[in-house]
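Everything below belongs to structure_17.txt, which stores compact mmCIF, C-alpha atoms.
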# COMPACT_ATOMS: atom_id res chain seq x y z
CA MET A 1269 45.75 9.75 -40.02
CA ALA A 1270 45.72 12.76 -37.74
CA ALA A 1271 42.25 13.64 -38.91
CA ALA A 1272 40.94 10.21 -37.98
CA GLN A 1273 42.53 10.55 -34.57
CA ALA A 1274 41.00 13.96 -34.09
CA VAL A 1275 37.57 12.64 -34.96
CA GLU A 1276 38.00 9.76 -32.52
CA GLU A 1277 38.98 12.21 -29.84
CA MET A 1278 36.03 14.44 -30.53
CA ARG A 1279 33.67 11.50 -30.29
CA SER A 1280 35.04 9.84 -27.24
CA ARG A 1281 36.91 12.31 -25.08
CA VAL A 1282 36.08 15.43 -23.11
CA VAL A 1283 39.18 17.60 -23.29
CA LEU A 1284 40.24 19.89 -20.45
CA GLY A 1285 41.96 22.74 -22.22
CA GLU A 1286 43.87 25.50 -20.52
CA PHE A 1287 40.99 27.89 -20.47
CA GLY A 1288 37.94 25.76 -20.82
CA VAL A 1289 36.46 22.37 -21.38
CA ARG A 1290 35.95 21.24 -24.97
CA ASN A 1291 33.85 18.58 -26.63
CA VAL A 1292 31.39 18.50 -23.81
CA HIS A 1293 28.30 17.39 -25.69
CA THR A 1294 27.59 13.97 -27.09
CA THR A 1295 27.83 14.13 -30.87
CA ASP A 1296 27.62 10.52 -31.95
CA PHE A 1297 24.18 10.64 -33.49
CA PRO A 1298 23.39 9.05 -36.85
CA GLY A 1299 24.38 11.27 -39.75
CA ASN A 1300 26.92 13.43 -37.94
CA TYR A 1301 29.94 11.39 -38.92
CA SER A 1302 29.94 9.92 -42.38
CA SER A 1303 31.98 6.81 -41.77
CA TYR A 1304 30.38 5.77 -38.49
CA ASP A 1305 27.17 3.90 -37.96
CA ASP A 1306 25.76 5.60 -34.91
CA ALA A 1307 22.24 4.30 -34.93
CA TRP A 1308 21.19 2.73 -31.66
CA ASP A 1309 22.23 -0.87 -31.45
CA GLN A 1310 21.19 -2.70 -28.31
CA ASP A 1311 23.66 -5.53 -28.91
CA ARG A 1312 26.58 -3.17 -29.33
CA PHE A 1313 25.56 -1.37 -26.17
CA GLU A 1314 25.31 -4.61 -24.24
CA LYS A 1315 28.69 -5.73 -25.46
CA ASN A 1316 30.43 -2.51 -24.43
CA PHE A 1317 28.61 -1.84 -21.20
CA ARG A 1318 29.96 -2.93 -17.86
CA VAL A 1319 29.58 -2.17 -14.18
CA ASP A 1320 32.52 -2.50 -11.78
CA VAL A 1321 31.92 -2.23 -8.05
CA VAL A 1322 34.90 -0.58 -6.41
CA HIS A 1323 33.81 -0.51 -2.79
CA MET A 1324 30.68 -1.30 -0.84
CA ASP A 1325 29.73 -1.22 2.80
CA GLU A 1326 26.42 -0.85 4.56
CA ASN A 1327 25.98 2.86 3.95
CA SER A 1328 28.11 3.76 0.98
CA LEU A 1329 28.77 2.32 -2.42
CA GLU A 1330 31.22 3.24 -5.13
CA PHE A 1331 30.98 1.77 -8.59
CA ASP A 1332 31.90 2.54 -12.19
CA MET A 1333 29.58 2.46 -15.16
CA VAL A 1334 31.34 2.21 -18.47
CA GLY A 1335 29.80 2.49 -21.90
CA ILE A 1336 26.76 4.59 -21.11
CA ASP A 1337 25.91 8.11 -22.16
CA ALA A 1338 25.80 11.15 -19.92
CA ALA A 1339 22.08 11.65 -20.39
CA ILE A 1340 21.18 8.29 -18.90
CA ALA A 1341 23.83 8.34 -16.17
CA ASN A 1342 22.58 11.76 -15.15
CA ALA A 1343 18.99 10.52 -15.12
CA PHE A 1344 20.02 7.85 -12.59
CA ARG A 1345 21.77 10.45 -10.49
CA ARG A 1346 18.74 12.75 -10.49
CA ILE A 1347 16.43 9.92 -9.53
CA LEU A 1348 18.71 8.76 -6.72
CA LEU A 1349 18.78 12.26 -5.31
CA ALA A 1350 15.16 13.18 -5.53
CA GLU A 1351 12.80 10.43 -6.61
CA VAL A 1352 13.51 7.32 -4.59
CA PRO A 1353 10.67 7.17 -2.08
CA THR A 1354 11.25 7.20 1.62
CA MET A 1355 9.17 7.39 4.79
CA ALA A 1356 9.36 10.74 6.55
CA VAL A 1357 7.39 12.72 9.08
CA GLU A 1358 4.91 14.90 7.30
CA LYS A 1359 2.22 15.93 9.77
CA VAL A 1360 2.91 16.87 13.34
CA PHE A 1361 0.02 17.20 15.80
CA VAL A 1362 1.30 19.39 18.60
CA TYR A 1363 -0.56 18.85 21.86
CA ASN A 1364 1.81 20.84 23.99
CA ASN A 1365 4.97 22.73 23.17
CA THR A 1366 6.27 25.08 25.83
CA SER A 1367 9.88 24.88 24.66
CA ILE A 1368 11.86 27.72 23.12
CA VAL A 1369 11.71 26.04 19.72
CA GLN A 1370 8.69 27.24 17.74
CA ASP A 1371 6.11 24.71 16.56
CA GLU A 1372 6.91 25.07 12.90
CA ILE A 1373 10.67 24.92 13.40
CA LEU A 1374 10.23 21.81 15.50
CA ALA A 1375 7.98 20.27 12.85
CA HIS A 1376 10.52 21.12 10.16
CA ARG A 1377 13.31 19.45 12.12
CA LEU A 1378 11.21 16.36 12.70
CA GLY A 1379 10.54 16.12 8.99
CA LEU A 1380 14.24 15.83 8.28
CA ILE A 1381 14.81 12.83 10.54
CA PRO A 1382 15.38 9.64 8.52
CA ILE A 1383 12.97 6.91 9.57
CA HIS A 1384 14.08 3.31 9.43
CA ALA A 1385 11.19 1.72 7.57
CA ASP A 1386 11.33 0.08 4.16
CA PRO A 1387 9.27 2.37 1.91
CA ARG A 1388 8.53 -0.49 -0.47
CA LEU A 1389 6.25 -2.02 2.15
CA PHE A 1390 4.03 1.06 2.24
CA GLU A 1391 1.66 2.75 -0.15
CA TYR A 1392 1.39 6.40 -1.00
CA ARG A 1393 -1.32 8.18 0.89
CA ASN A 1394 -4.28 9.24 -1.23
CA GLN A 1395 -4.65 12.93 -1.73
CA GLY A 1396 -7.12 14.48 0.64
CA ASP A 1397 -7.00 11.58 3.05
CA GLU A 1398 -6.61 13.11 6.47
CA GLU A 1399 -6.69 10.16 8.81
CA GLY A 1400 -4.12 7.79 7.40
CA THR A 1401 -4.46 4.03 7.48
CA GLU A 1402 -2.07 1.31 8.49
CA ILE A 1403 -0.96 0.77 4.91
CA ASP A 1404 0.35 4.26 4.35
CA THR A 1405 1.14 5.83 7.71
CA LEU A 1406 3.51 5.37 10.61
CA GLN A 1407 2.78 7.07 13.90
CA PHE A 1408 5.34 8.26 16.38
CA ARG A 1409 4.87 9.90 19.74
CA LEU A 1410 7.28 12.34 21.35
CA GLN A 1411 6.64 13.24 24.96
CA VAL A 1412 9.40 14.82 26.99
CA ARG A 1413 9.23 17.01 30.07
CA CYS A 1414 12.23 18.67 31.62
CA THR A 1415 12.53 18.87 35.40
CA ARG A 1416 15.11 20.06 37.89
CA ASN A 1417 17.37 17.42 39.33
CA PRO A 1418 16.96 17.41 43.13
CA GLN A 1419 20.23 15.57 43.65
CA ALA A 1420 22.42 18.12 41.87
CA ALA A 1421 25.23 19.81 43.76
CA LYS A 1422 24.43 23.29 45.01
CA ASP A 1423 27.06 25.16 43.03
CA SER A 1424 27.06 23.09 39.87
CA SER A 1425 26.59 24.83 36.56
CA ASP A 1426 26.61 21.81 34.28
CA PRO A 1427 23.22 21.39 32.61
CA ASN A 1428 23.69 17.64 32.47
CA GLU A 1429 23.74 17.57 36.24
CA LEU A 1430 21.21 20.23 37.00
CA TYR A 1431 18.37 19.13 34.75
CA VAL A 1432 16.67 15.88 33.85
CA ASN A 1433 15.63 15.34 30.19
CA HIS A 1434 16.94 18.67 29.03
CA LYS A 1435 17.99 17.39 25.64
CA VAL A 1436 15.40 15.84 23.39
CA TYR A 1437 16.91 13.14 21.18
CA THR A 1438 15.38 10.93 18.53
CA ARG A 1439 15.58 8.05 20.98
CA HIS A 1440 12.70 9.71 22.86
CA MET A 1441 10.44 9.06 19.87
CA THR A 1442 8.23 6.05 20.42
CA TRP A 1443 6.46 4.15 17.68
CA VAL A 1444 2.68 3.81 17.99
CA PRO A 1445 1.59 0.87 15.82
CA LEU A 1446 -1.58 1.33 13.76
CA GLY A 1447 -3.88 -1.53 12.95
CA ASN A 1448 -1.95 -4.69 12.20
CA GLN A 1449 1.47 -3.02 12.04
CA ALA A 1450 2.44 -4.56 15.36
CA ASP A 1451 2.16 -7.99 13.78
CA LEU A 1452 3.93 -7.08 10.56
CA PHE A 1453 6.89 -5.25 12.05
CA PRO A 1454 8.71 -6.79 14.99
CA GLU A 1455 9.54 -4.70 18.00
CA GLY A 1456 12.35 -2.25 17.39
CA THR A 1457 12.43 -2.33 13.59
CA ILE A 1458 10.41 0.85 13.08
CA ARG A 1459 12.44 3.68 14.57
CA PRO A 1460 14.50 6.67 13.51
CA VAL A 1461 17.72 5.56 11.84
CA HIS A 1462 19.92 7.34 14.37
CA ASP A 1463 18.86 7.65 17.99
CA ASP A 1464 21.23 10.44 18.88
CA ILE A 1465 19.96 13.25 16.71
CA LEU A 1466 19.27 16.27 18.90
CA ILE A 1467 15.77 17.58 18.24
CA ALA A 1468 15.45 20.34 20.85
CA GLN A 1469 16.71 21.52 24.21
CA LEU A 1470 14.52 22.17 27.23
CA ARG A 1471 14.69 23.78 30.64
CA PRO A 1472 12.71 22.89 33.76
CA GLY A 1473 8.99 23.39 33.31
CA GLN A 1474 9.11 23.05 29.53
CA GLU A 1475 7.45 20.17 27.76
CA ILE A 1476 7.06 18.81 24.29
CA ASP A 1477 4.13 16.52 23.58
CA LEU A 1478 3.31 15.69 20.02
CA LEU A 1479 2.17 13.03 17.59
CA MET A 1480 3.78 12.53 14.18
CA HIS A 1481 2.49 10.92 11.04
CA CYS A 1482 5.07 9.54 8.62
CA VAL A 1483 4.05 8.98 5.07
CA LYS A 1484 5.77 7.75 1.96
CA GLY A 1485 7.08 10.49 -0.21
CA ILE A 1486 9.83 11.36 -2.60
CA GLY A 1487 12.71 12.26 -0.37
CA LYS A 1488 16.37 12.77 -0.68
CA LYS A 1489 19.33 10.52 -0.28
CA VAL A 1490 22.85 11.73 -0.46
CA ALA A 1491 24.28 10.73 -3.79
CA ARG A 1492 27.30 12.00 -5.55
CA ILE A 1493 28.46 11.06 -8.96
CA ALA A 1494 31.96 11.89 -9.85
CA ASN A 1495 31.73 12.30 -13.55
CA PRO A 1496 35.30 12.26 -14.65
CA ARG A 1497 34.74 15.53 -16.43
CA LEU A 1498 33.32 17.35 -13.40
CA ASP A 1499 36.06 16.22 -11.07
CA THR A 1500 38.77 18.78 -10.91
CA PHE A 1501 42.16 17.32 -10.76
CA SER A 1502 45.59 18.72 -11.05
CA ARG A 1503 45.86 21.33 -13.74
CA GLU A 1504 49.38 22.24 -12.73
CA ILE A 1505 50.59 21.08 -16.09
CA PHE A 1506 49.36 24.28 -17.68
CA ARG A 1507 51.78 26.38 -15.68
CA ASN A 1508 54.77 24.84 -17.31
CA GLU A 1509 55.24 26.42 -20.73
CA LYS A 1510 57.13 23.62 -22.39
CA LEU A 1511 55.01 20.80 -21.09
CA LYS A 1512 51.85 22.62 -22.01
CA LYS A 1513 52.31 21.88 -25.65
CA VAL A 1514 53.08 18.27 -25.16
CA VAL A 1515 50.57 17.17 -22.60
CA GLN A 1516 46.86 16.94 -23.08
CA LEU A 1517 44.35 16.34 -20.33
CA ALA A 1518 41.30 14.51 -21.48
CA ARG A 1519 38.66 12.32 -19.99
CA VAL A 1520 36.85 9.37 -21.40
CA ARG A 1521 33.33 10.42 -22.20
CA ASP A 1522 31.38 7.36 -21.30
CA HIS A 1523 33.05 6.27 -18.07
CA TYR A 1524 31.22 7.35 -14.93
CA ILE A 1525 32.15 6.89 -11.30
CA PHE A 1526 29.15 6.77 -8.99
CA SER A 1527 29.53 7.31 -5.29
CA VAL A 1528 26.31 6.70 -3.38
CA GLU A 1529 25.88 7.35 0.31
CA SER A 1530 22.65 6.25 1.94
CA THR A 1531 20.87 7.88 4.88
CA GLY A 1532 20.61 4.43 6.39
CA VAL A 1533 17.06 3.48 5.54
CA LEU A 1534 17.93 1.29 2.58
CA PRO A 1535 21.32 -0.11 1.63
CA PRO A 1536 22.93 1.81 -1.24
CA ASP A 1537 22.76 -1.02 -3.76
CA VAL A 1538 19.01 -1.29 -3.18
CA LEU A 1539 18.77 2.46 -3.75
CA VAL A 1540 20.47 2.20 -7.12
CA SER A 1541 18.29 -0.73 -8.16
CA GLU A 1542 15.19 1.18 -7.15
CA ALA A 1543 16.36 4.23 -9.09
CA ILE A 1544 16.79 2.18 -12.26
CA LYS A 1545 13.36 0.64 -11.76
CA ILE A 1546 11.85 4.10 -11.32
CA LEU A 1547 13.23 5.20 -14.69
CA MET A 1548 11.77 2.06 -16.25
CA GLY A 1549 8.46 2.86 -14.57
CA LYS A 1550 8.40 6.31 -16.14
CA CYS A 1551 8.94 4.85 -19.61
CA ARG A 1552 6.29 2.24 -19.05
CA ARG A 1553 3.80 4.87 -17.93
CA PHE A 1554 4.12 6.77 -21.19
CA LEU A 1555 4.06 3.60 -23.26
CA ASP A 1556 0.78 2.67 -21.61
CA GLU A 1557 -0.58 6.15 -22.25
CA LEU A 1558 0.34 5.86 -25.92
CA GLU A 1559 -1.32 2.50 -26.20
CA ALA A 1560 -4.46 3.76 -24.56
CA VAL A 1561 -4.54 6.73 -26.91
CA GLN A 1562 -4.05 4.60 -29.98
CA MET A 1563 -6.92 2.41 -29.00
CA ASP A 1564 -9.36 5.34 -28.98
CA MET B 1220 8.21 26.48 -29.69
CA GLU B 1221 6.35 28.95 -31.96
CA GLU B 1222 2.59 28.85 -32.12
CA ASP B 1223 1.03 28.64 -35.53
CA GLN B 1224 -1.92 30.91 -36.19
CA GLU B 1225 -4.28 28.03 -36.72
CA LEU B 1226 -2.84 25.81 -34.08
CA GLU B 1227 -4.81 22.68 -33.91
CA ARG B 1228 -4.46 21.26 -30.51
CA LYS B 1229 -5.15 17.62 -30.52
CA ILE B 1230 -5.43 16.75 -26.96
CA SER B 1231 -5.17 13.05 -26.93
CA GLY B 1232 -4.24 11.62 -23.64
CA LEU B 1233 -5.59 9.26 -21.12
CA LYS B 1234 -7.91 11.14 -18.84
CA THR B 1235 -7.95 9.39 -15.52
CA SER B 1236 -10.62 10.67 -13.24
CA MET B 1237 -9.72 10.93 -9.60
CA ALA B 1238 -12.14 10.62 -6.74
CA GLU B 1239 -12.92 14.33 -6.73
CA GLY B 1240 -13.54 14.46 -10.46
CA GLU B 1241 -10.07 15.83 -11.29
CA ARG B 1242 -8.75 15.25 -14.80
CA LYS B 1243 -5.14 14.28 -15.08
CA THR B 1244 -3.58 14.07 -18.51
CA ALA B 1245 -0.08 12.72 -18.51
CA LEU B 1246 0.60 13.09 -22.19
CA GLU B 1247 -0.64 15.52 -24.82
CA MET B 1248 0.20 15.80 -28.46
CA VAL B 1249 0.24 19.14 -30.18
CA GLN B 1250 0.39 19.44 -33.93
CA ALA B 1251 0.45 22.56 -36.04
CA ALA B 1252 -2.27 22.73 -38.67
CA GLY B 1253 -1.13 22.01 -42.17
CA THR B 1254 1.58 19.55 -41.28
CA ASP B 1255 1.06 15.87 -41.35
CA ARG B 1256 1.87 13.55 -38.55
CA HIS B 1257 5.64 13.66 -38.92
CA CYS B 1258 6.18 16.81 -36.80
CA VAL B 1259 4.62 16.58 -33.38
CA THR B 1260 5.25 18.19 -30.04
CA PHE B 1261 4.54 15.97 -27.08
CA VAL B 1262 3.73 17.58 -23.76
CA LEU B 1263 4.73 15.29 -20.92
CA HIS B 1264 3.28 16.27 -17.57
CA GLU B 1265 5.02 15.72 -14.24
CA GLU B 1266 8.34 15.15 -15.96
CA ASP B 1267 11.64 17.02 -16.08
CA HIS B 1268 15.19 16.66 -17.39
CA THR B 1269 15.44 13.23 -15.83
CA LEU B 1270 13.27 11.59 -18.45
CA GLY B 1271 13.53 14.40 -21.00
CA ASN B 1272 17.25 14.30 -21.66
CA SER B 1273 17.59 10.52 -21.60
CA LEU B 1274 14.59 10.09 -23.89
CA ARG B 1275 15.92 12.75 -26.24
CA TYR B 1276 19.22 10.89 -26.48
CA MET B 1277 17.53 7.59 -27.33
CA ILE B 1278 15.26 9.19 -29.93
CA MET B 1279 18.18 11.04 -31.57
CA LYS B 1280 19.94 7.71 -32.02
CA ASN B 1281 17.21 6.74 -34.45
CA PRO B 1282 18.35 7.44 -38.02
CA GLU B 1283 14.79 8.23 -39.13
CA VAL B 1284 14.59 11.22 -36.81
CA GLU B 1285 15.53 14.52 -38.34
CA PHE B 1286 15.05 16.63 -35.23
CA CYS B 1287 14.47 15.93 -31.58
CA GLY B 1288 14.63 18.39 -28.73
CA TYR B 1289 12.97 19.09 -25.44
CA THR B 1290 12.50 22.08 -23.16
CA THR B 1291 11.10 22.67 -19.73
CA THR B 1292 8.43 25.29 -20.17
CA HIS B 1293 9.05 27.10 -16.88
CA PRO B 1294 10.71 26.00 -13.65
CA SER B 1295 7.49 26.33 -11.73
CA GLU B 1296 5.56 24.13 -14.16
CA SER B 1297 6.48 20.53 -14.02
CA LYS B 1298 6.15 19.53 -17.63
CA ILE B 1299 8.31 19.25 -20.73
CA ASN B 1300 7.71 19.82 -24.42
CA LEU B 1301 9.39 17.17 -26.53
CA ARG B 1302 9.39 17.80 -30.28
CA ILE B 1303 10.09 15.13 -32.86
CA GLN B 1304 10.40 15.65 -36.60
CA THR B 1305 10.99 12.67 -38.82
CA ARG B 1306 12.42 12.31 -42.26
CA GLY B 1307 9.91 11.32 -44.86
CA ALA B 1308 6.44 10.41 -43.80
CA LEU B 1309 7.06 8.34 -40.72
CA PRO B 1310 4.53 9.39 -38.05
CA ALA B 1311 6.34 10.98 -35.12
CA VAL B 1312 4.63 8.74 -32.61
CA GLU B 1313 6.68 5.84 -33.85
CA PRO B 1314 10.16 7.08 -32.87
CA PHE B 1315 8.64 8.29 -29.60
CA GLN B 1316 7.38 4.83 -28.83
CA ARG B 1317 10.57 3.21 -30.02
CA GLY B 1318 12.66 5.59 -27.88
CA LEU B 1319 10.65 4.70 -24.80
CA THR B 1320 10.98 1.00 -25.46
CA GLU B 1321 14.70 1.22 -26.10
CA LEU B 1322 15.23 3.27 -22.96
CA MET B 1323 13.38 0.61 -21.01
CA ASN B 1324 15.61 -2.07 -22.50
CA VAL B 1325 18.71 -0.07 -21.59
CA CYS B 1326 17.50 0.26 -18.02
CA GLN B 1327 16.72 -3.42 -17.80
CA HIS B 1328 20.18 -4.31 -19.02
CA VAL B 1329 21.85 -1.83 -16.66
CA LEU B 1330 19.84 -3.29 -13.79
CA ASP B 1331 20.83 -6.84 -14.64
CA LYS B 1332 24.50 -6.00 -15.01
CA PHE B 1333 24.49 -3.93 -11.83
CA GLU B 1334 22.85 -6.62 -9.74
CA ALA B 1335 25.23 -9.23 -11.14
CA SER B 1336 28.21 -7.01 -10.26
CA ILE B 1337 26.94 -6.46 -6.74
CA LYS B 1338 26.41 -10.16 -6.28
CA ASP B 1339 29.93 -10.91 -7.53
CA TYR B 1340 31.37 -8.31 -5.21
CA LYS B 1341 29.53 -9.73 -2.23
CA ASP B 1342 30.58 -13.28 -3.10
CA GLN B 1343 34.17 -12.20 -3.51
CA LYS B 1344 34.14 -10.43 -0.20
CA ALA B 1345 32.60 -13.42 1.50
CA SER B 1346 35.14 -15.83 0.09
CA ARG B 1347 38.00 -13.45 0.91
CA SER B 1348 36.97 -13.17 4.52
CA GLU B 1349 36.54 -16.92 4.70
CA SER B 1350 40.01 -17.59 3.41
CA THR B 1351 41.59 -15.24 5.92
CA LEU B 1352 39.96 -16.94 8.87
For the file at hand, write its structure as structure tokens.
Amino acid sequence: MAAAQAVEEMRSRVVLGEFGVRNVHTTDFPGNYSSYDDAWDQDRFEKNFRVDVVHMDENSLEFDMVGIDAAIANAFRRILLAEVPTMAVEKVFVYNNTSIVQDEILAHRLGLIPIHADPRLFEYRNQGDEEGTEIDTLQFRLQVRCTRNPQAAKDSSDPNELYVNHKVYTRHMTWVPLGNQADLFPEGTIRPVHDDILIAQLRPGQEIDLLMHCVKGIGKKVARIANPRLDTFSREIFRNEKLKKVVQLARVRDHYIFSVESTGVLPPDVLVSEAIKILMGKCRRFLDELEAVQMD
Amino acid sequence: MEEDQELERKISGLKTSMAEGERKTALEMVQAAGTDRHCVTFVLHEEDHTLGNSLRYMIMKNPEVEFCGYTTTHPSESKINLRIQTRGALPAVEPFQRGLTELMNVCQHVLDKFEASIKDYKDQKASRSESTL
């Protein structure tokens, strides 16, 4: 009786002991346990699997996935973080930069700005293609010059009063449509996600004049998965000697809480759908390769 | 993975030629000489733990597979070695293919369930805000 319970626990729970975590790895593979049939069964998986959405708004999403293994849940997390494509500034053509911020630092900062453009409507740029066409590139212009404000009070020391255009924000970036982009994207839809990101600061006489090319690439979104086993929660119980023996902290192995926060380009549920499709795409790619090989 | 002295490298993979004449092989199969087709190491290019671990899990769930493991060769190389050994004489390509297909089916099911859940949530929210008006 106790042995059966122990086996169940080993298969389905990750135990947080006093000094370490036990039963971390998945062990339910065929042959490991004599009385269990652990071979993959799609129907059994479909019966046990469920998704519960806890909370969703336009930039963040929290949902539970129950009945799936760590390997696959982690694959989704990794894809969400690093392989969902996005449009971002990649090449910066600097015509004039007399600000304190160095060219490369400025270019680096520009590359981090999230651009509000659906990456699914664009293609990847071909390697070695310098010019960029309307199907794979977005162009932005940033032209800001700082001047002294003639109407400022004589003894003022507030930069906001003394100077005009001394802070360069993302709202100073203007979109330059290429080809037929002006017809495809209505006015105002292609822009940085936030218009109040500070890019640089200037003083009178300094100017920034540059052109940016945005291409589709694999970028980052902010995604956090609270795997019940990674979450730390109260371990106070271990301080109490008597309770220690009676209480056991354990987590269910196949229940995962996903918390996805988007940078604003795509809504978080679209991000998760895209991530799942990307994993399917990877599998399909290798299946096609195998087929091609077998035909030789 | 140890190298046999007479390692017979069977490079079978789709060679797609790019505009500049580059060769890009996405998948290679390496087999030690003297063994038959039931122990094979697959080299998957441009892949990492994302596909490696999930694929390993699906292949291990196959009762015909005696051994399945993967490693990343080096952090600066983006490829993985996935080794499959089968019981009996089943060619190793078969569990590999089956693992890929099953992983695709899992993803499809997850996608369907997820989209259904999202839709339910949105409908519920819509009807809740309607009823409070």
Exercise. Go through B:Ile1278, B:Leu1330, B:Val1249, B:Val1259 and flag the residue nearest Glu1542 (chain A), using all atoms listed in the file for the distances.
Key: B:Leu1330
Quiz item: What residues in chain A have any atom no more than 8 Å from chain B when counting all atoms listed in the file, and can you write them as a PyMOL selection string?
Solution: chain A and resi 1297-1299+1306-1308+1310+1314+1318-1321+1339-1340+1342-1344+1346-1347+1537+1541+1544-1545+1547-1548+1550-1552+1554-1555+1557-1558+1560-1561
Kindly export the residues of the current selection with C-alpha atoms, as a compact mmCIF listing (two decimals), in the frame of the given file.
# COMPACT_ATOMS: atom_id res chain seq x y z
CA PHE A 1297 24.18 10.64 -33.49
CA PRO A 1298 23.39 9.05 -36.85
CA GLY A 1299 24.38 11.27 -39.75
CA ASP A 1306 25.76 5.60 -34.91
CA ALA A 1307 22.24 4.30 -34.93
CA TRP A 1308 21.19 2.73 -31.66
CA GLN A 1310 21.19 -2.70 -28.31
CA GLU A 1314 25.31 -4.61 -24.24
CA ARG A 1318 29.96 -2.93 -17.86
CA VAL A 1319 29.58 -2.17 -14.18
CA ASP A 1320 32.52 -2.50 -11.78
CA VAL A 1321 31.92 -2.23 -8.05
CA ALA A 1339 22.08 11.65 -20.39
CA ILE A 1340 21.18 8.29 -18.90
CA ASN A 1342 22.58 11.76 -15.15
CA ALA A 1343 18.99 10.52 -15.12
CA PHE A 1344 20.02 7.85 -12.59
CA ARG A 1346 18.74 12.75 -10.49
CA ILE A 1347 16.43 9.92 -9.53
CA ASP A 1537 22.76 -1.02 -3.76
CA SER A 1541 18.29 -0.73 -8.16
CA ILE A 1544 16.79 2.18 -12.26
CA LYS A 1545 13.36 0.64 -11.76
CA LEU A 1547 13.23 5.20 -14.69
CA MET A 1548 11.77 2.06 -16.25
CA LYS A 1550 8.40 6.31 -16.14
CA CYS A 1551 8.94 4.85 -19.61
CA ARG A 1552 6.29 2.24 -19.05
CA PHE A 1554 4.12 6.77 -21.19
CA LEU A 1555 4.06 3.60 -23.26
CA GLU A 1557 -0.58 6.15 -22.25
CA LEU A 1558 0.34 5.86 -25.92
CA ALA A 1560 -4.46 3.76 -24.56
CA VAL A 1561 -4.54 6.73 -26.91
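Atom pair CA of Asn1428 (chain A) / CA of Gln1411 (chain A) has a distance of 19.1 Å (rounded to one decimal).
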Exercise. For CA of Ser1530 (chain A) and CA of Ser1328 (chain A), quote the distance in Å rounded to one decimal.
Key: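 A separation of 6.1 Å between them.
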Quiz item: When you draw a straight line from CA of Ser1527 (chain A) to CA of Asp1463 (chain A), how long is it in Å?
Solution: 25.6 Å
Practice problem: Please provide the set of residues having any atom within 8 Å of region 1368-1374 of chain A, restricted to all atoms listed in the file, with same-chain residues fewer than 6 positions apart removed, written as a list in words. | Solution: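 The contact residues come out as Val1362, Ile1467, Ala1468, Gln1469 and Leu1470 of chain A.
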Could you write out as JSON the box around region 1325-1331 of chain B (axis-aligned, all atoms listed in the file, 3 Å on each side), with centre and edge lengths in Å to one decimal?
{"center_x": 19.3, "center_y": -3.3, "center_z": -17.7, "size_x": 11.1, "size_y": 13.1, "size_z": 13.8}
Quiz prompt | From B:Glu1349, B:Asp1342, B:Glu1313, B:Glu1296, residue lying nearest Cys1258 (chain B) [all atoms listed in the file] | solution =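 Between B:Glu1349, B:Asp1342, B:Glu1313, B:Glu1296, the residue approaching Cys1258 (chain B) most closely is B:Glu1313.
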Quiz item: Which is closer to Arg1413 (chain A) than all the others in A:Lys1359, A:Arg1459, A:Arg1439, A:Arg1471, using only C-alpha atoms?
Solution: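 Looking at the shortest contact to Arg1413 (chain A), the residue is A:Arg1471.
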Quiz prompt | Shell around Ile1476 (chain A) at 9 Å using only C-alpha atoms, local window under 2 positions removed, as a list in words | solution = Val1362, Tyr1363, Asn1364, Asn1365, Thr1366, Ser1367, Leu1410, Gln1411, Val1412, Arg1413, Cys1414, Val1436, Leu1470, Gln1474 and Leu1478 of chain A
